[in-house]
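J.: Here's a structure for you.
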Amino acid sequence: MKNLNSYLSKIGLLALFITIVSCGPGKAGDADTLMQDATEAKAAMIQADANVAELFTNSAGYAIFPNVGKGAYVIGGASGNGIVYENGQNVGYANLKQVDVGLQVGGKAYREVLFFKNQEDLEDFKRGEYELSANASAVAIEKGKSKTVTFQDGVAVVTMPKAGAMVGVSVAGQRFGYTEM
């Protein structure tokens, strides 16, 4: 019976992984709900860390992924949809996909924002099929704990946990798509 339970848990996690990775690109679901979720994610991040407000103001643009889901049991996957902003105006939709292998287990939901240092970096993202380099690292926002966010290769990544627990989280290997509004 113990082997059957272990087998069923692995099948369940595999099903979760397939569901997460198979989410479609671009503006999945209701665009108004996605826009509202992005606005709420931005407000929550600014409230948790006032330094992030400066990034929203001074960056050439940013992509907000208000609901990213990640699940893993050795093989992991993450997926989410977001809104891309240029000069404070929404200009398109984006999707995030991540697949990784390693010592990891669990599931979580989080918010993620990519800040683009200059117009050229934003245009690279908007060309579509954008990938974060293997050395990319994210700053996790925690309420009351301010951290310095730095740009690497023209992009700064900020995440904020929503729910769940995960061991072995990384942003390396993330791939993004872009669809103009």
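Going by the structure tokens order, chains are called A, B, ..., each with residues numbered from 1, while ligands are numbered from 1 in the order shown.
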I need the residues in segment 20-171 of chain A that are helix (DSSP H, G or I) according to DSSP; give them as JSON, numbers by chain.

T.: {"A": [20, 21, 31, 32, 33, 34, 35, 36, 37, 38, 39, 40, 41, 42, 43, 44, 45, 46, 47, 48, 51, 52, 53, 54, 55, 56, 57, 58, 119, 120, 121, 122, 123, 124, 125, 126]}

J.: Got time to write the residues from that selection, N, CA, C and O atoms, as a compact mmCIF listing (two decimals), in the first residue's frame?

T.:
```txt
# COMPACT_ATOMS: atom_id res chain seq x y z
N ILE A 20 0.64 22.79 -15.50
CA ILE A 20 1.33 24.08 -15.41
C ILE A 20 2.04 24.40 -16.72
O ILE A 20 1.93 25.49 -17.26
N VAL A 21 2.78 23.44 -17.24
CA VAL A 21 3.59 23.69 -18.43
C VAL A 21 2.72 23.85 -19.68
O VAL A 21 3.08 24.56 -20.61
N ALA A 31 -8.84 39.12 -20.01
CA ALA A 31 -7.83 40.18 -20.03
C ALA A 31 -8.06 41.19 -18.91
O ALA A 31 -7.11 41.70 -18.33
N ASP A 32 -9.33 41.49 -18.59
CA ASP A 32 -9.62 42.45 -17.52
C ASP A 32 -9.16 41.92 -16.16
O ASP A 32 -8.62 42.66 -15.35
N THR A 33 -9.36 40.63 -15.93
CA THR A 33 -8.93 40.01 -14.67
C THR A 33 -7.41 40.02 -14.58
O THR A 33 -6.85 40.34 -13.53
N LEU A 34 -6.74 39.72 -15.69
CA LEU A 34 -5.28 39.74 -15.70
C LEU A 34 -4.77 41.14 -15.42
O LEU A 34 -3.83 41.33 -14.64
N MET A 35 -5.40 42.14 -16.01
CA MET A 35 -5.00 43.54 -15.79
C MET A 35 -5.20 43.93 -14.33
O MET A 35 -4.33 44.56 -13.73
N GLN A 36 -6.32 43.54 -13.75
CA GLN A 36 -6.60 43.84 -12.34
C GLN A 36 -5.59 43.13 -11.43
O GLN A 36 -5.08 43.73 -10.49
N ASP A 37 -5.30 41.87 -11.73
CA ASP A 37 -4.32 41.13 -10.93
C ASP A 37 -2.94 41.77 -11.01
O ASP A 37 -2.21 41.83 -10.02
N ALA A 38 -2.56 42.26 -12.20
CA ALA A 38 -1.27 42.92 -12.36
C ALA A 38 -1.21 44.21 -11.55
O ALA A 38 -0.19 44.51 -10.91
N THR A 39 -2.30 44.96 -11.55
CA THR A 39 -2.36 46.20 -10.77
C THR A 39 -2.24 45.90 -9.28
O THR A 39 -1.50 46.58 -8.56
N GLU A 40 -2.93 44.87 -8.82
CA GLU A 40 -2.86 44.47 -7.41
C GLU A 40 -1.46 43.97 -7.05
O GLU A 40 -0.96 44.26 -5.96
N ALA A 41 -0.83 43.22 -7.94
CA ALA A 41 0.53 42.71 -7.68
C ALA A 41 1.51 43.87 -7.55
O ALA A 41 2.35 43.88 -6.65
N LYS A 42 1.39 44.86 -8.42
CA LYS A 42 2.27 46.04 -8.36
C LYS A 42 2.09 46.76 -7.04
O LYS A 42 3.07 47.08 -6.36
N ALA A 43 0.85 46.99 -6.63
CA ALA A 43 0.57 47.68 -5.36
C ALA A 43 1.12 46.88 -4.17
O ALA A 43 1.71 47.45 -3.25
N ALA A 44 0.94 45.56 -4.19
CA ALA A 44 1.42 44.72 -3.09
C ALA A 44 2.94 44.75 -2.99
O ALA A 44 3.50 44.80 -1.89
N MET A 45 3.61 44.75 -4.12
CA MET A 45 5.08 44.79 -4.11
C MET A 45 5.60 46.13 -3.61
O MET A 45 6.55 46.17 -2.84
N ILE A 46 4.96 47.21 -4.04
CA ILE A 46 5.37 48.54 -3.57
C ILE A 46 5.12 48.67 -2.07
O ILE A 46 5.94 49.22 -1.35
N GLN A 47 3.99 48.14 -1.60
CA GLN A 47 3.68 48.21 -0.18
C GLN A 47 4.68 47.40 0.65
O GLN A 47 5.09 47.81 1.73
N ALA A 48 5.12 46.26 0.13
CA ALA A 48 6.05 45.40 0.86
C ALA A 48 7.48 45.95 0.85
O ALA A 48 8.24 45.72 1.79
N ASN A 51 11.37 50.49 -2.07
CA ASN A 51 12.42 50.63 -3.09
C ASN A 51 11.96 50.17 -4.47
O ASN A 51 12.48 50.62 -5.48
N VAL A 52 10.99 49.26 -4.50
CA VAL A 52 10.50 48.75 -5.77
C VAL A 52 9.74 49.84 -6.53
O VAL A 52 9.73 49.85 -7.77
N ALA A 53 9.14 50.79 -5.83
CA ALA A 53 8.42 51.89 -6.49
C ALA A 53 9.34 52.65 -7.44
O ALA A 53 8.93 53.04 -8.53
N GLU A 54 10.59 52.82 -7.05
CA GLU A 54 11.56 53.51 -7.89
C GLU A 54 11.82 52.74 -9.18
O GLU A 54 11.96 53.34 -10.25
N LEU A 55 11.86 51.42 -9.09
CA LEU A 55 12.05 50.60 -10.29
C LEU A 55 10.87 50.74 -11.24
O LEU A 55 11.05 50.83 -12.46
N PHE A 56 9.65 50.74 -10.70
CA PHE A 56 8.47 50.91 -11.55
C PHE A 56 8.50 52.27 -12.24
O PHE A 56 8.08 52.39 -13.38
N THR A 57 9.01 53.29 -11.56
CA THR A 57 9.05 54.64 -12.12
C THR A 57 10.19 54.84 -13.10
O THR A 57 10.00 55.46 -14.15
N ASN A 58 11.37 54.32 -12.80
CA ASN A 58 12.57 54.65 -13.57
C ASN A 58 12.96 53.64 -14.65
O ASN A 58 13.83 53.94 -15.46
N GLN A 119 15.51 51.06 -23.08
CA GLN A 119 14.59 50.76 -24.18
C GLN A 119 15.07 49.56 -25.00
O GLN A 119 14.26 48.74 -25.43
N GLU A 120 16.36 49.46 -25.20
CA GLU A 120 16.90 48.34 -25.98
C GLU A 120 16.60 46.99 -25.31
O GLU A 120 16.23 46.02 -25.98
N ASP A 121 16.72 46.94 -23.99
CA ASP A 121 16.42 45.70 -23.26
C ASP A 121 14.94 45.35 -23.37
O ASP A 121 14.58 44.19 -23.54
N LEU A 122 14.09 46.36 -23.29
CA LEU A 122 12.64 46.14 -23.44
C LEU A 122 12.32 45.65 -24.85
O LEU A 122 11.53 44.72 -25.03
N GLU A 123 12.94 46.24 -25.85
CA GLU A 123 12.70 45.83 -27.24
C GLU A 123 13.14 44.39 -27.47
O GLU A 123 12.49 43.64 -28.21
N ASP A 124 14.26 43.97 -26.84
CA ASP A 124 14.70 42.57 -26.93
C ASP A 124 13.59 41.65 -26.42
O ASP A 124 13.31 40.61 -27.02
N PHE A 125 12.99 42.01 -25.31
CA PHE A 125 11.90 41.21 -24.73
C PHE A 125 10.70 41.16 -25.68
O PHE A 125 10.11 40.11 -25.91
N LYS A 126 10.35 42.30 -26.24
CA LYS A 126 9.17 42.40 -27.09
C LYS A 126 9.32 41.68 -28.43
O LYS A 126 8.33 41.41 -29.10
```

J.: Which polymer residues have any atom within 12 Å of an atom of Ala156 of chain A, counting only C-alpha atoms, with same-chain residues fewer than 4 positions away left out, as a PDB file with N, CA, C and O atoms, in the first residue's frame?

T.:
```pdb
ATOM      1  N   VAL A  52      10.991  49.263  -4.497  1.00  0.00           N
ATOM      2  CA  VAL A  52      10.497  48.751  -5.769  1.00  0.00           C
ATOM      3  C   VAL A  52       9.740  49.837  -6.534  1.00  0.00           C
ATOM      4  O   VAL A  52       9.731  49.849  -7.767  1.00  0.00           O
ATOM      5  N   LEU A  55      11.860  51.418  -9.091  1.00  0.00           N
ATOM      6  CA  LEU A  55      12.052  50.601 -10.293  1.00  0.00           C
ATOM      7  C   LEU A  55      10.869  50.738 -11.244  1.00  0.00           C
ATOM      8  O   LEU A  55      11.052  50.829 -12.462  1.00  0.00           O
ATOM      9  N   PHE A  56       9.654  50.742 -10.700  1.00  0.00           N
ATOM     10  CA  PHE A  56       8.472  50.908 -11.550  1.00  0.00           C
ATOM     11  C   PHE A  56       8.501  52.274 -12.243  1.00  0.00           C
ATOM     12  O   PHE A  56       8.079  52.393 -13.385  1.00  0.00           O
ATOM     13  N   SER A  59      12.345  52.468 -14.673  1.00  0.00           N
ATOM     14  CA  SER A  59      12.687  51.473 -15.688  1.00  0.00           C
ATOM     15  C   SER A  59      12.058  51.856 -17.024  1.00  0.00           C
ATOM     16  O   SER A  59      11.012  52.498 -17.073  1.00  0.00           O
ATOM     17  N   ALA A  60      12.698  51.432 -18.114  1.00  0.00           N
ATOM     18  CA  ALA A  60      12.140  51.689 -19.452  1.00  0.00           C
ATOM     19  C   ALA A  60      10.817  50.960 -19.627  1.00  0.00           C
ATOM     20  O   ALA A  60       9.940  51.405 -20.358  1.00  0.00           O
ATOM     21  N   GLY A  61      10.670  49.859 -18.932  1.00  0.00           N
ATOM     22  CA  GLY A  61       9.439  49.073 -18.992  1.00  0.00           C
ATOM     23  C   GLY A  61       9.530  47.916 -18.023  1.00  0.00           C
ATOM     24  O   GLY A  61      10.573  47.684 -17.408  1.00  0.00           O
ATOM     25  N   TYR A  62       8.426  47.205 -17.895  1.00  0.00           N
ATOM     26  CA  TYR A  62       8.403  46.050 -17.003  1.00  0.00           C
ATOM     27  C   TYR A  62       7.292  45.100 -17.417  1.00  0.00           C
ATOM     28  O   TYR A  62       6.333  45.489 -18.083  1.00  0.00           O
ATOM     29  N   ALA A  63       7.464  43.849 -17.041  1.00  0.00           N
ATOM     30  CA  ALA A  63       6.462  42.812 -17.274  1.00  0.00           C
ATOM     31  C   ALA A  63       6.048  42.261 -15.920  1.00  0.00           C
ATOM     32  O   ALA A  63       6.896  41.806 -15.146  1.00  0.00           O
ATOM     33  N   GLU A 112       5.865  37.739 -10.084  1.00  0.00           N
ATOM     34  CA  GLU A 112       7.189  38.032 -10.615  1.00  0.00           C
ATOM     35  C   GLU A 112       7.111  39.265 -11.507  1.00  0.00           C
ATOM     36  O   GLU A 112       6.157  39.427 -12.272  1.00  0.00           O
ATOM     37  N   VAL A 113       8.124  40.125 -11.409  1.00  0.00           N
ATOM     38  CA  VAL A 113       8.224  41.298 -12.269  1.00  0.00           C
ATOM     39  C   VAL A 113       9.620  41.330 -12.877  1.00  0.00           C
ATOM     40  O   VAL A 113      10.613  41.147 -12.174  1.00  0.00           O
ATOM     41  N   LEU A 114       9.680  41.544 -14.186  1.00  0.00           N
ATOM     42  CA  LEU A 114      10.937  41.781 -14.882  1.00  0.00           C
ATOM     43  C   LEU A 114      11.000  43.274 -15.176  1.00  0.00           C
ATOM     44  O   LEU A 114      10.086  43.820 -15.802  1.00  0.00           O
ATOM     45  N   PHE A 115      12.044  43.936 -14.706  1.00  0.00           N
ATOM     46  CA  PHE A 115      12.259  45.357 -14.980  1.00  0.00           C
ATOM     47  C   PHE A 115      13.345  45.463 -16.055  1.00  0.00           C
ATOM     48  O   PHE A 115      14.372  44.797 -15.959  1.00  0.00           O
ATOM     49  N   PHE A 116      13.108  46.310 -17.059  1.00  0.00           N
ATOM     50  CA  PHE A 116      14.058  46.488 -18.146  1.00  0.00           C
ATOM     51  C   PHE A 116      14.769  47.820 -17.964  1.00  0.00           C
ATOM     52  O   PHE A 116      14.141  48.868 -17.871  1.00  0.00           O
ATOM     53  N   LYS A 117      16.091  47.766 -17.934  1.00  0.00           N
ATOM     54  CA  LYS A 117      16.910  48.931 -17.617  1.00  0.00           C
ATOM     55  C   LYS A 117      16.770  50.034 -18.663  1.00  0.00           C
ATOM     56  O   LYS A 117      16.688  51.206 -18.320  1.00  0.00           O
ATOM     57  N   ASN A 118      16.759  49.670 -19.933  1.00  0.00           N
ATOM     58  CA  ASN A 118      16.648  50.690 -20.975  1.00  0.00           C
ATOM     59  C   ASN A 118      15.751  50.198 -22.111  1.00  0.00           C
ATOM     60  O   ASN A 118      15.303  49.047 -22.108  1.00  0.00           O
ATOM     61  N   ASP A 121      16.719  46.939 -23.990  1.00  0.00           N
ATOM     62  CA  ASP A 121      16.424  45.702 -23.256  1.00  0.00           C
ATOM     63  C   ASP A 121      14.939  45.354 -23.366  1.00  0.00           C
ATOM     64  O   ASP A 121      14.581  44.187 -23.536  1.00  0.00           O
ATOM     65  N   LEU A 122      14.088  46.361 -23.289  1.00  0.00           N
ATOM     66  CA  LEU A 122      12.645  46.141 -23.441  1.00  0.00           C
ATOM     67  C   LEU A 122      12.324  45.654 -24.847  1.00  0.00           C
ATOM     68  O   LEU A 122      11.526  44.717 -25.027  1.00  0.00           O
ATOM     69  N   LEU A 132      15.823  34.209 -19.873  1.00  0.00           N
ATOM     70  CA  LEU A 132      16.748  34.720 -18.861  1.00  0.00           C
ATOM     71  C   LEU A 132      18.011  33.886 -18.922  1.00  0.00           C
ATOM     72  O   LEU A 132      17.963  32.665 -19.088  1.00  0.00           O
ATOM     73  N   SER A 133      19.141  34.534 -18.759  1.00  0.00           N
ATOM     74  CA  SER A 133      20.409  33.816 -18.790  1.00  0.00           C
ATOM     75  C   SER A 133      20.545  32.939 -17.552  1.00  0.00           C
ATOM     76  O   SER A 133      19.861  33.142 -16.549  1.00  0.00           O
ATOM     77  N   ASN A 135      22.728  32.881 -15.378  1.00  0.00           N
ATOM     78  CA  ASN A 135      23.233  33.548 -14.182  1.00  0.00           C
ATOM     79  C   ASN A 135      22.224  34.523 -13.581  1.00  0.00           C
ATOM     80  O   ASN A 135      22.529  35.234 -12.638  1.00  0.00           O
ATOM     81  N   ALA A 136      21.017  34.563 -14.126  1.00  0.00           N
ATOM     82  CA  ALA A 136      19.994  35.479 -13.611  1.00  0.00           C
ATOM     83  C   ALA A 136      19.604  35.072 -12.195  1.00  0.00           C
ATOM     84  O   ALA A 136      19.512  33.896 -11.868  1.00  0.00           O
ATOM     85  N   SER A 137      19.384  36.077 -11.369  1.00  0.00           N
ATOM     86  CA  SER A 137      18.920  35.797 -10.012  1.00  0.00           C
ATOM     87  C   SER A 137      17.806  36.763  -9.671  1.00  0.00           C
ATOM     88  O   SER A 137      17.746  37.870 -10.204  1.00  0.00           O
ATOM     89  N   ALA A 138      16.922  36.322  -8.819  1.00  0.00           N
ATOM     90  CA  ALA A 138      15.783  37.137  -8.446  1.00  0.00           C
ATOM     91  C   ALA A 138      15.919  37.599  -7.005  1.00  0.00           C
ATOM     92  O   ALA A 138      16.485  36.903  -6.169  1.00  0.00           O
ATOM     93  N   VAL A 139      15.381  38.778  -6.732  1.00  0.00           N
ATOM     94  CA  VAL A 139      15.288  39.271  -5.365  1.00  0.00           C
ATOM     95  C   VAL A 139      13.873  38.973  -4.893  1.00  0.00           C
ATOM     96  O   VAL A 139      12.907  39.378  -5.529  1.00  0.00           O
ATOM     97  N   ALA A 140      13.757  38.249  -3.794  1.00  0.00           N
ATOM     98  CA  ALA A 140      12.449  37.927  -3.233  1.00  0.00           C
ATOM     99  C   ALA A 140      12.057  39.013  -2.235  1.00  0.00           C
ATOM    100  O   ALA A 140      12.799  39.288  -1.292  1.00  0.00           O
ATOM    101  N   THR A 148      18.388  45.244  -1.971  1.00  0.00           N
ATOM    102  CA  THR A 148      18.833  45.967  -3.153  1.00  0.00           C
ATOM    103  C   THR A 148      18.584  45.112  -4.389  1.00  0.00           C
ATOM    104  O   THR A 148      18.972  43.949  -4.436  1.00  0.00           O
ATOM    105  N   VAL A 149      17.943  45.705  -5.367  1.00  0.00           N
ATOM    106  CA  VAL A 149      17.672  45.029  -6.628  1.00  0.00           C
ATOM    107  C   VAL A 149      18.670  45.570  -7.654  1.00  0.00           C
ATOM    108  O   VAL A 149      18.801  46.772  -7.819  1.00  0.00           O
ATOM    109  N   THR A 150      19.380  44.665  -8.321  1.00  0.00           N
ATOM    110  CA  THR A 150      20.364  45.076  -9.311  1.00  0.00           C
ATOM    111  C   THR A 150      20.021  44.485 -10.675  1.00  0.00           C
ATOM    112  O   THR A 150      19.387  43.429 -10.763  1.00  0.00           O
ATOM    113  N   PHE A 151      20.448  45.183 -11.707  1.00  0.00           N
ATOM    114  CA  PHE A 151      20.231  44.718 -13.074  1.00  0.00           C
ATOM    115  C   PHE A 151      21.377  43.813 -13.493  1.00  0.00           C
ATOM    116  O   PHE A 151      22.545  44.111 -13.226  1.00  0.00           O
ATOM    117  N   GLN A 152      21.042  42.705 -14.151  1.00  0.00           N
ATOM    118  CA  GLN A 152      22.024  41.819 -14.757  1.00  0.00           C
ATOM    119  C   GLN A 152      21.637  41.687 -16.218  1.00  0.00           C
ATOM    120  O   GLN A 152      20.505  41.294 -16.529  1.00  0.00           O
ATOM    121  N   VAL A 171      15.145  30.926 -10.937  1.00  0.00           N
ATOM    122  CA  VAL A 171      14.527  31.534 -12.110  1.00  0.00           C
ATOM    123  C   VAL A 171      15.301  31.202 -13.377  1.00  0.00           C
ATOM    124  O   VAL A 171      14.858  31.512 -14.465  1.00  0.00           O
TER     125      VAL A 171
END
```

J.: Could you check how far atom CA of Ile141 of chain A sits from atom CA of Asp153 of chain A, in Å to one decimal?

T.: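 Separation of atom CA of Ile141 of chain A and atom CA of Asp153 of chain A: 20.7 Å.
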
J.: Have a look at atom CA of Gly80 of chain A and atom CA of Lys97 of chain A and let me know their distance in Å, one decimal.

T.: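 Distance between the two atoms: 7.0 Å.
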
J.: Which of segment 20-179 of chain A counts as strand (DSSP E) under DSSP, as a ChimeraX atom specification please?

T.: /A:61-86,89-116,130-131,138-140,155-167,174-179

J.: Quick one: write out the picked residues with C-alpha atoms as a PDB file, in the first residue's frame?

T.:
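Result saved to out.pdb:
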```pdb
ATOM      1  CA  GLY A  61       9.439  49.073 -18.992  1.00  0.00           C
ATOM      2  CA  TYR A  62       8.403  46.050 -17.003  1.00  0.00           C
ATOM      3  CA  ALA A  63       6.462  42.812 -17.274  1.00  0.00           C
ATOM      4  CA  ILE A  64       4.227  41.847 -14.343  1.00  0.00           C
ATOM      5  CA  PHE A  65       3.278  38.190 -13.880  1.00  0.00           C
ATOM      6  CA  PRO A  66       0.732  38.365 -11.037  1.00  0.00           C
ATOM      7  CA  ASN A  67       0.049  34.617 -10.734  1.00  0.00           C
ATOM      8  CA  VAL A  68       2.918  32.239 -11.441  1.00  0.00           C
ATOM      9  CA  GLY A  69       2.431  28.626 -10.418  1.00  0.00           C
ATOM     10  CA  LYS A  70       5.344  26.262  -9.878  1.00  0.00           C
ATOM     11  CA  GLY A  71       5.323  22.590  -9.034  1.00  0.00           C
ATOM     12  CA  ALA A  72       8.143  20.078  -8.803  1.00  0.00           C
ATOM     13  CA  TYR A  73       9.080  16.566  -7.906  1.00  0.00           C
ATOM     14  CA  VAL A  74      12.647  16.324  -9.265  1.00  0.00           C
ATOM     15  CA  ILE A  75      11.300  17.659 -12.594  1.00  0.00           C
ATOM     16  CA  GLY A  76       9.708  21.062 -12.121  1.00  0.00           C
ATOM     17  CA  GLY A  77       7.705  23.489 -14.154  1.00  0.00           C
ATOM     18  CA  ALA A  78       6.335  26.981 -13.796  1.00  0.00           C
ATOM     19  CA  SER A  79       3.910  28.981 -15.866  1.00  0.00           C
ATOM     20  CA  GLY A  80       2.167  32.333 -15.752  1.00  0.00           C
ATOM     21  CA  ASN A  81       0.659  35.097 -17.862  1.00  0.00           C
ATOM     22  CA  GLY A  82       1.358  38.785 -17.515  1.00  0.00           C
ATOM     23  CA  ILE A  83       1.093  42.319 -18.793  1.00  0.00           C
ATOM     24  CA  VAL A  84       3.964  44.294 -20.351  1.00  0.00           C
ATOM     25  CA  TYR A  85       4.237  48.030 -19.657  1.00  0.00           C
ATOM     26  CA  GLU A  86       6.257  50.689 -21.457  1.00  0.00           C
ATOM     27  CA  GLN A  89       1.222  52.128 -20.372  1.00  0.00           C
ATOM     28  CA  ASN A  90       0.272  48.523 -21.099  1.00  0.00           C
ATOM     29  CA  VAL A  91       1.568  47.537 -24.534  1.00  0.00           C
ATOM     30  CA  GLY A  92       1.159  43.765 -24.622  1.00  0.00           C
ATOM     31  CA  TYR A  93       0.767  40.391 -22.998  1.00  0.00           C
ATOM     32  CA  ALA A  94       3.499  37.979 -21.980  1.00  0.00           C
ATOM     33  CA  ASN A  95       3.766  34.390 -20.873  1.00  0.00           C
ATOM     34  CA  LEU A  96       6.342  32.703 -18.694  1.00  0.00           C
ATOM     35  CA  LYS A  97       7.428  29.070 -18.914  1.00  0.00           C
ATOM     36  CA  GLN A  98      10.064  27.259 -16.914  1.00  0.00           C
ATOM     37  CA  VAL A  99      11.157  23.633 -16.864  1.00  0.00           C
ATOM     38  CA  ASP A 100      13.988  22.421 -14.678  1.00  0.00           C
ATOM     39  CA  VAL A 101      15.436  19.229 -13.283  1.00  0.00           C
ATOM     40  CA  GLY A 102      17.214  18.834  -9.981  1.00  0.00           C
ATOM     41  CA  LEU A 103      16.792  18.208  -6.304  1.00  0.00           C
ATOM     42  CA  GLN A 104      13.459  19.944  -5.722  1.00  0.00           C
ATOM     43  CA  VAL A 105      10.025  19.186  -4.384  1.00  0.00           C
ATOM     44  CA  GLY A 106       6.857  21.126  -3.621  1.00  0.00           C
ATOM     45  CA  GLY A 107       4.603  23.719  -5.133  1.00  0.00           C
ATOM     46  CA  LYS A 108       4.095  27.433  -4.781  1.00  0.00           C
ATOM     47  CA  ALA A 109       2.408  30.476  -6.224  1.00  0.00           C
ATOM     48  CA  TYR A 110       4.237  33.765  -6.570  1.00  0.00           C
ATOM     49  CA  ARG A 111       4.310  37.110  -8.353  1.00  0.00           C
ATOM     50  CA  GLU A 112       7.189  38.032 -10.615  1.00  0.00           C
ATOM     51  CA  VAL A 113       8.224  41.298 -12.269  1.00  0.00           C
ATOM     52  CA  LEU A 114      10.937  41.781 -14.882  1.00  0.00           C
ATOM     53  CA  PHE A 115      12.259  45.357 -14.980  1.00  0.00           C
ATOM     54  CA  PHE A 116      14.058  46.488 -18.146  1.00  0.00           C
ATOM     55  CA  TYR A 130      13.091  35.870 -24.642  1.00  0.00           C
ATOM     56  CA  GLU A 131      15.103  33.797 -22.135  1.00  0.00           C
ATOM     57  CA  ALA A 138      15.783  37.137  -8.446  1.00  0.00           C
ATOM     58  CA  VAL A 139      15.288  39.271  -5.365  1.00  0.00           C
ATOM     59  CA  ALA A 140      12.449  37.927  -3.233  1.00  0.00           C
ATOM     60  CA  VAL A 155      17.046  42.986 -16.538  1.00  0.00           C
ATOM     61  CA  ALA A 156      16.179  42.953 -12.828  1.00  0.00           C
ATOM     62  CA  VAL A 157      13.905  40.207 -11.524  1.00  0.00           C
ATOM     63  CA  VAL A 158      11.764  40.614  -8.410  1.00  0.00           C
ATOM     64  CA  THR A 159       9.508  37.915  -6.964  1.00  0.00           C
ATOM     65  CA  MET A 160       7.003  37.908  -4.134  1.00  0.00           C
ATOM     66  CA  PRO A 161       5.627  34.671  -2.663  1.00  0.00           C
ATOM     67  CA  LYS A 162       1.863  34.214  -2.487  1.00  0.00           C
ATOM     68  CA  ALA A 163       1.371  30.667  -1.161  1.00  0.00           C
ATOM     69  CA  GLY A 164       2.946  27.229  -0.925  1.00  0.00           C
ATOM     70  CA  ALA A 165       6.304  25.800   0.011  1.00  0.00           C
ATOM     71  CA  MET A 166       9.105  24.757  -2.254  1.00  0.00           C
ATOM     72  CA  VAL A 167      12.669  23.562  -1.895  1.00  0.00           C
ATOM     73  CA  GLN A 174      12.731  30.851 -17.730  1.00  0.00           C
ATOM     74  CA  ARG A 175      11.453  31.531 -21.235  1.00  0.00           C
ATOM     75  CA  PHE A 176       9.037  34.307 -22.150  1.00  0.00           C
ATOM     76  CA  GLY A 177       6.754  35.018 -25.075  1.00  0.00           C
ATOM     77  CA  TYR A 178       5.240  38.363 -26.034  1.00  0.00           C
ATOM     78  CA  THR A 179       2.035  39.326 -27.835  1.00  0.00           C
TER      79      THR A 179
END
```
